[in-house]
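Asks: Provided herewith is a single structure, encoded as structure tokens, for subsequent inquiry.
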Amino acid sequence: MLNYSQIDTDQLALIDRIYEHDTNFIYAGMGAGKTVCALTAVSELLRDGEVSRVLIVAPLRPAREVWSQEHKKWRHLSALDVAVACGTPKQRLAAINSNAPIVVINIENLVWFFNAFKRAHNFDCLVIDELSKFGDNSAKSVKKLRTYTDSFKHCTGLTASPTHEGFDRLFAQVAVLDGGARFGRSKANFLSDYFWATDYEQRNWELRPNMQKRIMAKIADIFYAMPDYTHTLPPLHEHVETFELDDETRAHYDEFKRHSVITIDELDIVAENMAVQSGKLEQITSSFVYCDEDVITLSDTLARKNAFASLRAREGANRALIFYSFEEEKAQIISALRGNYRLITDANAVDDWNNGKVQNLVLHPKSASHGLNLAQGGHTVICYSPIWSNDAFKQLIARVWRRGQAHEVNVYTLVCLDSVDLIKSDRIEGKEEYDRLLNAYLKEGRV
């Protein structure tokens with residue numbers, strides 16, 4: 001069992017910050033120990049009578065596997081009573097109506113919670129894990145939470161990725177903490193104040209020069225950036241493994257790219273719009289395409305699968321996390337691994353991985369997006385295809401590149417040449433600029 005003395009100076013400062021301020025927007029790196037810091041702070045708030053009951057909102061897997069378990073690892077938190085309001089309505093109600101001073105609920109059930117209790121709930125402290133999940137101002141969970149933010153005395157949001165997808169997403173993240181006190185209640189006004197539209201329909205916006213400073217100045221009183229600790233970690237290496245399509249699949253790809261339609265096995269595969277076309281092109285780079293509920297294999301060559309098999313053979317001695325985007329990609333991965341794998345959804349897969357019993361752990365980025373510590377099991381990550389979301393890409397890397405990792409971490413992404421894969425990779429690199437702007441601002445010492 002871990003001891004309080006093992007909490008480092010930066011973590012102690014974060015605990016003090018949460019304890020001493022009623023509203024907190026906490027920016028702390030992945031694997032920085034946000035969970036134990038937040039639990040320690042709220043346990044002290046409960047102990048001192050500053051708050052009476054705590055509601056913790058988290059993504060489903062971290063709610064079940066991290067927030068419900070973390071206190072059991074620490075001697076000073078082991079006596080905490082933590083109930084989990086996930087599962088069926090009956091199970092959720094049992095947790096909420098229990099005497100547990102801390103209740104964890106998953107994001108998907110937040111709307112249900114407020115519909116059921118409105119302002120009659122008896123929680124006065126709110127902790128939001130992965131605040132960046134609340135960056136979409138149109139999401140039902142954001143709209144609902146903004147309505148009831150003022151029913152809590154203490155609100156803390158935790159995130160390692162506040163601007164991974166852009167500064168515009170700060171509007172909703174701040175609103176669920178302060179109810180609109182700092183940026184107002186209109187997203188349109190916020191955009192016109194700090195951004196400029198890049199299209200006539202005003203669907204896409206770019207940050208105006210130096211506006212990140214004005215935005216951050218608006219939230220300086222609630223924003224707290226934990227010092228970066230990644231310089232203490234072993235090196236991180238990101239690699240791009242390229243491959244070319246065989247002639248048959250390339251012909252299908254080029255035709256679909258030009259005409260948005262191909263006919264295979266007397267089936268017409270049509271893209272009604274650019275978004276559908278992009279998704280189908282992604283599939284074609286993996287030598288298949290979905291047609292309604294059918295999976296059509298475009299070539300026996302399976303170029304991506306062959307590239308993956310070669311990479312895995314080269315890295316064979318290292319245990320690997322392997323990420324896929326489509327179910328058919330998962331099937332290709334499983335076929336290539338010839339039974340030497342586990343799915344993260346298998347019973348005890350995470351524990352077995354961290355205990356060195358799993359050579360290949362296969363999972364979707366959404367299955368390991370936040371909170372999960374897989375650093376003990378290995379130090380190799382393979383993305384079977386590029387990941388569209390910069391946030392998701394950083395999160396999956398952070399499953400192994402975090403505190404507790406003793407080895408250099410290698411991340412490989414399989415990229416099909418002359419294809420939509422390159423656009424996906426460039427998009428991630430473009431999103432990196434938002435993080436660079438935020439971190440450059442923080443280095444100026446203004447937050």
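As shown in the structure tokens, the chain order sets the letters A, B, ...; within each chain, residues go from 1, and ligands are also counted from 1 in the order they appear.
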Enumerate, in order of chain and increasing residue number, the residues of region 377-416 of chain A with an atom no farther than 12 Å from region 128-133 of chain A, each with its shortest atom pair and distance in Å to one decimal, counting only C-alpha atoms, as JSON lines.
Replies:
```
{"residue": "A:Asp391", "atom": "CA", "partner": "A:Ser132", "partner_atom": "CA", "distance": 8.9}
{"residue": "A:Ala392", "atom": "CA", "partner": "A:Lys133", "partner_atom": "CA", "distance": 10.9}
{"residue": "A:Gln395", "atom": "CA", "partner": "A:Glu130", "partner_atom": "CA", "distance": 10.7}
```
Asks: Generate a file of the selected residues that holds C-alpha atoms, formatted as a PDB file, in the first residue's frame.
Replies:
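Heads up, here's the output in result11.pdb:
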```pdb
ATOM      1  CA  ASP A 391      -6.617  14.252 -27.949  1.00  0.00           C
ATOM      2  CA  ALA A 392      -7.237  10.529 -28.464  1.00  0.00           C
ATOM      3  CA  GLN A 395      -4.278   9.845 -24.501  1.00  0.00           C
TER       4      GLN A 395
END
```
Asks: Can you list every residue in region 135-319 of chain A that DSSP puts in strand (DSSP E), as a PyMOL selection string?
Replies: chain A and resi 154-159+195-197+205-207+223-225+236-243+261-264+267-270+288-291+294-297
Asks: Can you tell me, as a list of chain:residue names, what residues are no more than 8 Å from Phe114 (chain A) when counting only C-alpha atoms, ignoring any on the same chain fewer than 4 positions away?
Replies: A:Leu110, A:Lys118, A:Arg119, A:Lys144, A:Leu145, A:Tyr148
Asks: Keeping only N, CA and C atoms, take the residues you just selected and write them out as a tab-separated table (two decimals), in the first residue's frame.
Replies:
```tsv
chain	number	residue	atom	x	y	z
A	110	LEU	N	-25.02	11.47	-16.60
A	110	LEU	CA	-25.14	12.78	-15.95
A	110	LEU	C	-26.50	13.41	-16.24
A	118	LYS	N	-32.65	17.03	-10.18
A	118	LYS	CA	-32.64	18.48	-10.37
A	118	LYS	C	-31.80	19.13	-9.27
A	119	ARG	N	-32.35	20.08	-8.54
A	119	ARG	CA	-31.58	20.74	-7.48
A	119	ARG	C	-31.80	20.09	-6.10
A	144	LYS	N	-26.85	20.36	-19.75
A	144	LYS	CA	-27.49	20.01	-18.48
A	144	LYS	C	-26.63	20.46	-17.30
A	145	LEU	N	-25.34	20.20	-17.36
A	145	LEU	CA	-24.46	20.55	-16.26
A	145	LEU	C	-24.37	22.07	-16.08
A	148	TYR	N	-27.02	23.44	-13.87
A	148	TYR	CA	-27.01	23.11	-12.44
A	148	TYR	C	-25.66	23.35	-11.76
```
Asks: Could you give me, as JSON lines, every region 261-351 of chain A residue with an atom at most 8 Å from region 406-414 of chain A, plus its closest atom pair and distance in Å to one decimal, counting only C-alpha atoms, rows ordered by chain then number?
Replies:
```
{"residue": "A:Arg304", "atom": "CA", "partner": "A:Leu414", "partner_atom": "CA", "distance": 7.4}
{"residue": "A:Ala307", "atom": "CA", "partner": "A:Leu414", "partner_atom": "CA", "distance": 7.6}
{"residue": "A:Phe308", "atom": "CA", "partner": "A:Leu414", "partner_atom": "CA", "distance": 7.3}
```
Asks: As number ranges by chain, please: the residues near Ser335 (chain A) (cut-off 12 Å, only C-alpha atoms, same-chain neighbours under 6 positions excluded).
Replies: A: 302, 305-306, 308-309, 328-329, 341, 362
Asks: Just list as a PyMOL selection string whatever in region 334-416 of chain A DSSP marks as alpha helix (DSSP H).
Replies: chain A and resi 334-337+349-354+390-398
Asks: Applying 7 Å and only C-alpha atoms, which residues near Ile107 (chain A) remain after dropping the ones on its own chain fewer than 2 positions away? List them as a list in words.
Replies: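 Non-adjacent residues within range: Val57, Ala58, Pro59, Leu60, Ile105, Asn109 and Leu110 of chain A.
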Asks: What are the closest atom pairs, with distances in Å to one decimal, for each residue of region 64-176 of chain A lying within 9 Å of region 14-23 of chain A, using only C-alpha atoms, rows by chain and rising residue number, as a tab-separated table?
Replies:
```
residue	atom	partner	partner_atom	distance
A:Cys125	CA	A:Asp22	CA	8.8
A:Lys153	CA	A:Asp22	CA	6.8
A:His154	CA	A:Asp22	CA	4.5
A:Cys155	CA	A:Thr23	CA	4.9
A:Thr156	CA	A:Thr23	CA	5.7
A:Gly157	CA	A:Thr23	CA	8.3
```
Asks: Applying 10 Å and only C-alpha atoms, which residues near region 208-220 of chain A remain after dropping the ones on its own chain fewer than 6 positions away? List them as a ChimeraX atom specification.
Replies: /A:24-25,167-168,170-171,174,181-183,190-197,434,437-438,441-442,446-447
Asks: Sorted by chain and rising residue number, which residues of region 198-304 of chain A lie within 12 Å of region 419-424 of chain A, and what are their closest atom pairs and distances in Å to one decimal, counting only C-alpha atoms, as a tab-separated table?
Replies:
```
residue	atom	partner	partner_atom	distance
A:Val240	CA	A:Leu422	CA	10.4
A:Glu241	CA	A:Asp421	CA	11.4
A:Thr242	CA	A:Asp421	CA	9.8
A:Phe243	CA	A:Ser419	CA	10.5
A:Glu244	CA	A:Ser419	CA	9.4
A:Leu245	CA	A:Ser419	CA	9.5
A:Thr249	CA	A:Ser419	CA	11.7
A:Arg250	CA	A:Ser419	CA	9.5
A:Tyr253	CA	A:Ser419	CA	8.4
A:Asp254	CA	A:Ser419	CA	9.2
A:Phe256	CA	A:Ser419	CA	11.7
A:Lys257	CA	A:Ser419	CA	9.5
A:Ala275	CA	A:Val420	CA	11.8
A:Gln277	CA	A:Val420	CA	10.3
A:Ser278	CA	A:Val420	CA	7.2
A:Gly279	CA	A:Val420	CA	9.1
A:Lys280	CA	A:Val420	CA	10.0
A:Leu281	CA	A:Val420	CA	6.7
A:Glu282	CA	A:Val420	CA	6.4
A:Gln283	CA	A:Val420	CA	9.9
A:Ile284	CA	A:Ser419	CA	9.6
A:Thr285	CA	A:Ser419	CA	7.4
A:Ser286	CA	A:Asp421	CA	10.4
A:Arg304	CA	A:Asp421	CA	11.6
```
Asks: Using the selection just defined, write its residues with C-alpha atoms as a PDB file, in the first residue's frame.
Replies:
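Wrote it out as out-v6.pdb, contents follow:
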```pdb
ATOM      1  CA  VAL A 240       5.662   6.438 -39.010  1.00  0.00           C
ATOM      2  CA  GLU A 241       5.683   3.092 -40.816  1.00  0.00           C
ATOM      3  CA  THR A 242       4.615   3.628 -44.440  1.00  0.00           C
ATOM      4  CA  PHE A 243       3.306   1.093 -46.933  1.00  0.00           C
ATOM      5  CA  GLU A 244       1.824   1.114 -50.429  1.00  0.00           C
ATOM      6  CA  LEU A 245      -1.429  -0.376 -51.620  1.00  0.00           C
ATOM      7  CA  THR A 249      -6.817  -1.838 -54.039  1.00  0.00           C
ATOM      8  CA  ARG A 250      -5.157   1.304 -55.409  1.00  0.00           C
ATOM      9  CA  TYR A 253      -9.159   3.834 -53.985  1.00  0.00           C
ATOM     10  CA  ASP A 254      -8.482   6.179 -56.891  1.00  0.00           C
ATOM     11  CA  PHE A 256     -13.741   6.138 -55.255  1.00  0.00           C
ATOM     12  CA  LYS A 257     -11.737   9.280 -54.620  1.00  0.00           C
ATOM     13  CA  ALA A 275     -17.566  12.878 -44.655  1.00  0.00           C
ATOM     14  CA  GLN A 277     -16.310   9.510 -48.681  1.00  0.00           C
ATOM     15  CA  SER A 278     -13.455  10.161 -46.252  1.00  0.00           C
ATOM     16  CA  GLY A 279     -14.579   7.301 -44.014  1.00  0.00           C
ATOM     17  CA  LYS A 280     -14.839   4.893 -46.934  1.00  0.00           C
ATOM     18  CA  LEU A 281     -11.388   5.915 -48.179  1.00  0.00           C
ATOM     19  CA  GLU A 282      -9.998   5.138 -44.731  1.00  0.00           C
ATOM     20  CA  GLN A 283     -11.510   1.674 -44.965  1.00  0.00           C
ATOM     21  CA  ILE A 284     -10.137   1.097 -48.462  1.00  0.00           C
ATOM     22  CA  THR A 285      -6.587   1.758 -47.239  1.00  0.00           C
ATOM     23  CA  SER A 286      -7.112  -1.323 -45.062  1.00  0.00           C
ATOM     24  CA  ARG A 304      -1.824  -2.866 -44.110  1.00  0.00           C
TER      25      ARG A 304
END
```
Asks: Between A:Asn373, A:Thr380, A:Gln173, A:Ser287, which is the closest to Gln332 (chain A) once you count only C-alpha atoms?
Replies: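 Looking only at the distances to Gln332 (chain A), the closest residue turns out to be A:Ser287.
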Asks: Which is closer to Leu126 (chain A) than all the others in A:Lys140, A:Lys34, A:Arg53, A:His239, using only C-alpha atoms?
Replies: A:Arg53
Asks: Measuring atom to atom with only C-alpha atoms, identify which of A:Ile296, A:Ile333, A:Ala317, A:Val176 is nearest to His379 (chain A).
Replies: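 So, comparing all the options, the nearest one is A:Ala317.
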Asks: So the first atom is CA of His76 (chain A) and the second is CA of Thr40 (chain A); what is the distance between them in Å, to one decimal place?
Replies: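 Straight-line distance from CA of His76 (chain A) to CA of Thr40 (chain A) works out to 8.1 Å.
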